[in-house]
Amino acid sequence: MLQAIKAFALLGGEWVLYILLGLSVWSIAVIWDRYFLFRKKAKESEFLESKVPELLLKGQIKEVQKLVDKLTSPAAMILKVGIANLSAGPQALEQIIDSQRIKEKMALEKNLLVLGTLGSNAPFIGLFGTVLGIIKAFNDLALAGTSGPTVVMRGVSEALVATAVGLLIAIPCVATYNYFQNWIKRSLSNADRLSGLLLAYAQRKGK
């Protein structure tokens with residue numbers, strides 16, 4: 001067992017770089033996917049924010065329904081469900097809206113766990129590669145004898161690349177994760193405002 005662990009450690013950290021490269025591609029794919037999706041939904045949210053409050057205050061539900069019919073932003077989806085269930089009454093309608101809100105939040109957060117996980121763990125993966133690289137470098141030094149210092153310095157410098165790559169992945173992952181979470185919070189707050197106006201309409205209608 002100990003020999004197997006030693007043999008594994010002496011492989012060096014180069015293979016860790018390939019893992020980090022794969023993770024970086026994965027993180028970029030998630031970032032681009034969420035960015036384009038959120039940009040589209042942000043435009044829809046701004047449009048609804050400028051139109052829907054006035055219509056709801058005037059009780060023009062059919063016009064609101066026409067606006068949200070082909071949109072997919074959280075506010076649009078919540079309003080669609082709310083309008084479709086107006087006859088359920090204010091209390092039931094509030095529960096239905098809350099359920100749809102949770103559904104929309106889960107859809108927006110899809111794959112964001114990837115960014116959060118990589119942001120937290122990529123530096124440790126890089127550090128692991130660095131440690132393995134240094135172990136190999138000192139082993140090479142022991143085998144090289146008097147000509148070792150050059151060998152070990154080269155090995156250590158190569159090993160440190162893994163830590164740098166890990167940080168290079170982690171920093172944008174953390175930044176974009178926080179940005180997306182903030183956007184989700186703002187988007188759902190906007191949806192809550194519009195759904196609150198819809199609930200107020202349902203309460204007026206029920207009196």
# chains A, B, ... in the order shown; residues from 1 in each chain; ligands from 1

$ closest_atom_pairs --of "range 75-186 of chain A" --to "range 17-41 of chain A" --cutoff "9 Å" --atoms "only C-alpha atoms" --output "JSON lines"
{"residue": "A:Leu108", "atom": "CA", "partner": "A:Arg34", "partner_atom": "CA", "distance": 8.1}
{"residue": "A:Glu109", "atom": "CA", "partner": "A:Arg34", "partner_atom": "CA", "distance": 8.9}
{"residue": "A:Lys110", "atom": "CA", "partner": "A:Arg34", "partner_atom": "CA", "distance": 8.5}
{"residue": "A:Asn111", "atom": "CA", "partner": "A:Val30", "partner_atom": "CA", "distance": 6.7}
{"residue": "A:Leu112", "atom": "CA", "partner": "A:Val30", "partner_atom": "CA", "distance": 7.6}
{"residue": "A:Val114", "atom": "CA", "partner": "A:Ser27", "partner_atom": "CA", "distance": 7.1}
{"residue": "A:Leu115", "atom": "CA", "partner": "A:Ser27", "partner_atom": "CA", "distance": 6.3}
{"residue": "A:Leu118", "atom": "CA", "partner": "A:Ser27", "partner_atom": "CA", "distance": 7.8}
{"residue": "A:Ala122", "atom": "CA", "partner": "A:Leu20", "partner_atom": "CA", "distance": 7.5}
{"residue": "A:Ile125", "atom": "CA", "partner": "A:Leu20", "partner_atom": "CA", "distance": 7.7}
{"residue": "A:Gly126", "atom": "CA", "partner": "A:Leu20", "partner_atom": "CA", "distance": 7.5}
{"residue": "A:Gly129", "atom": "CA", "partner": "A:Leu17", "partner_atom": "CA", "distance": 7.3}
{"residue": "A:Val161", "atom": "CA", "partner": "A:Leu17", "partner_atom": "CA", "distance": 8.3}
{"residue": "A:Ala162", "atom": "CA", "partner": "A:Leu17", "partner_atom": "CA", "distance": 6.0}
{"residue": "A:Val165", "atom": "CA", "partner": "A:Leu20", "partner_atom": "CA", "distance": 7.2}
{"residue": "A:Gly166", "atom": "CA", "partner": "A:Leu20", "partner_atom": "CA", "distance": 6.8}
{"residue": "A:Leu168", "atom": "CA", "partner": "A:Ser24", "partner_atom": "CA", "distance": 8.9}
{"residue": "A:Ile169", "atom": "CA", "partner": "A:Ser24", "partner_atom": "CA", "distance": 6.0}
{"residue": "A:Cys173", "atom": "CA", "partner": "A:Ser27", "partner_atom": "CA", "distance": 7.0}
{"residue": "A:Thr176", "atom": "CA", "partner": "A:Ile31", "partner_atom": "CA", "distance": 7.2}
{"residue": "A:Tyr177", "atom": "CA", "partner": "A:Ile31", "partner_atom": "CA", "distance": 8.6}
{"residue": "A:Phe180", "atom": "CA", "partner": "A:Arg34", "partner_atom": "CA", "distance": 7.9}
{"residue": "A:Trp183", "atom": "CA", "partner": "A:Phe38", "partner_atom": "CA", "distance": 8.0}
{"residue": "A:Ile184", "atom": "CA", "partner": "A:Phe38", "partner_atom": "CA", "distance": 8.6}

$ atom_distance --atom1 "CA of Leu167 in chain A" --atom2 "CA of Pro123 in chain A"
5.2 Å

$ residues_around --residues "range 192-207 of chain A" --least-positions-apart "5" --cutoff "8 Å" --atoms "only C-alpha atoms" --output "ChimeraX atom specification"
/A:49,52-53,56-57,59,75,78-79,82-83,86,89-90,93-94,97

$ closest_residue --among "A:Leu188, A:Glu158, A:Lys43, A:Ala88" --to "Ala107 in chain A" --atoms "only C-alpha atoms"
A:Leu188

$ closest_residue --among "A:Arg186, A:Ala84, A:Gly119, A:Met77" --to "Lys103 in chain A" --atoms "only C-alpha atoms"
A:Met77

$ atom_distance --atom1 "CA of Lys66 in chain A" --atom2 "CA of Ser189 in chain A"
22.1 Å
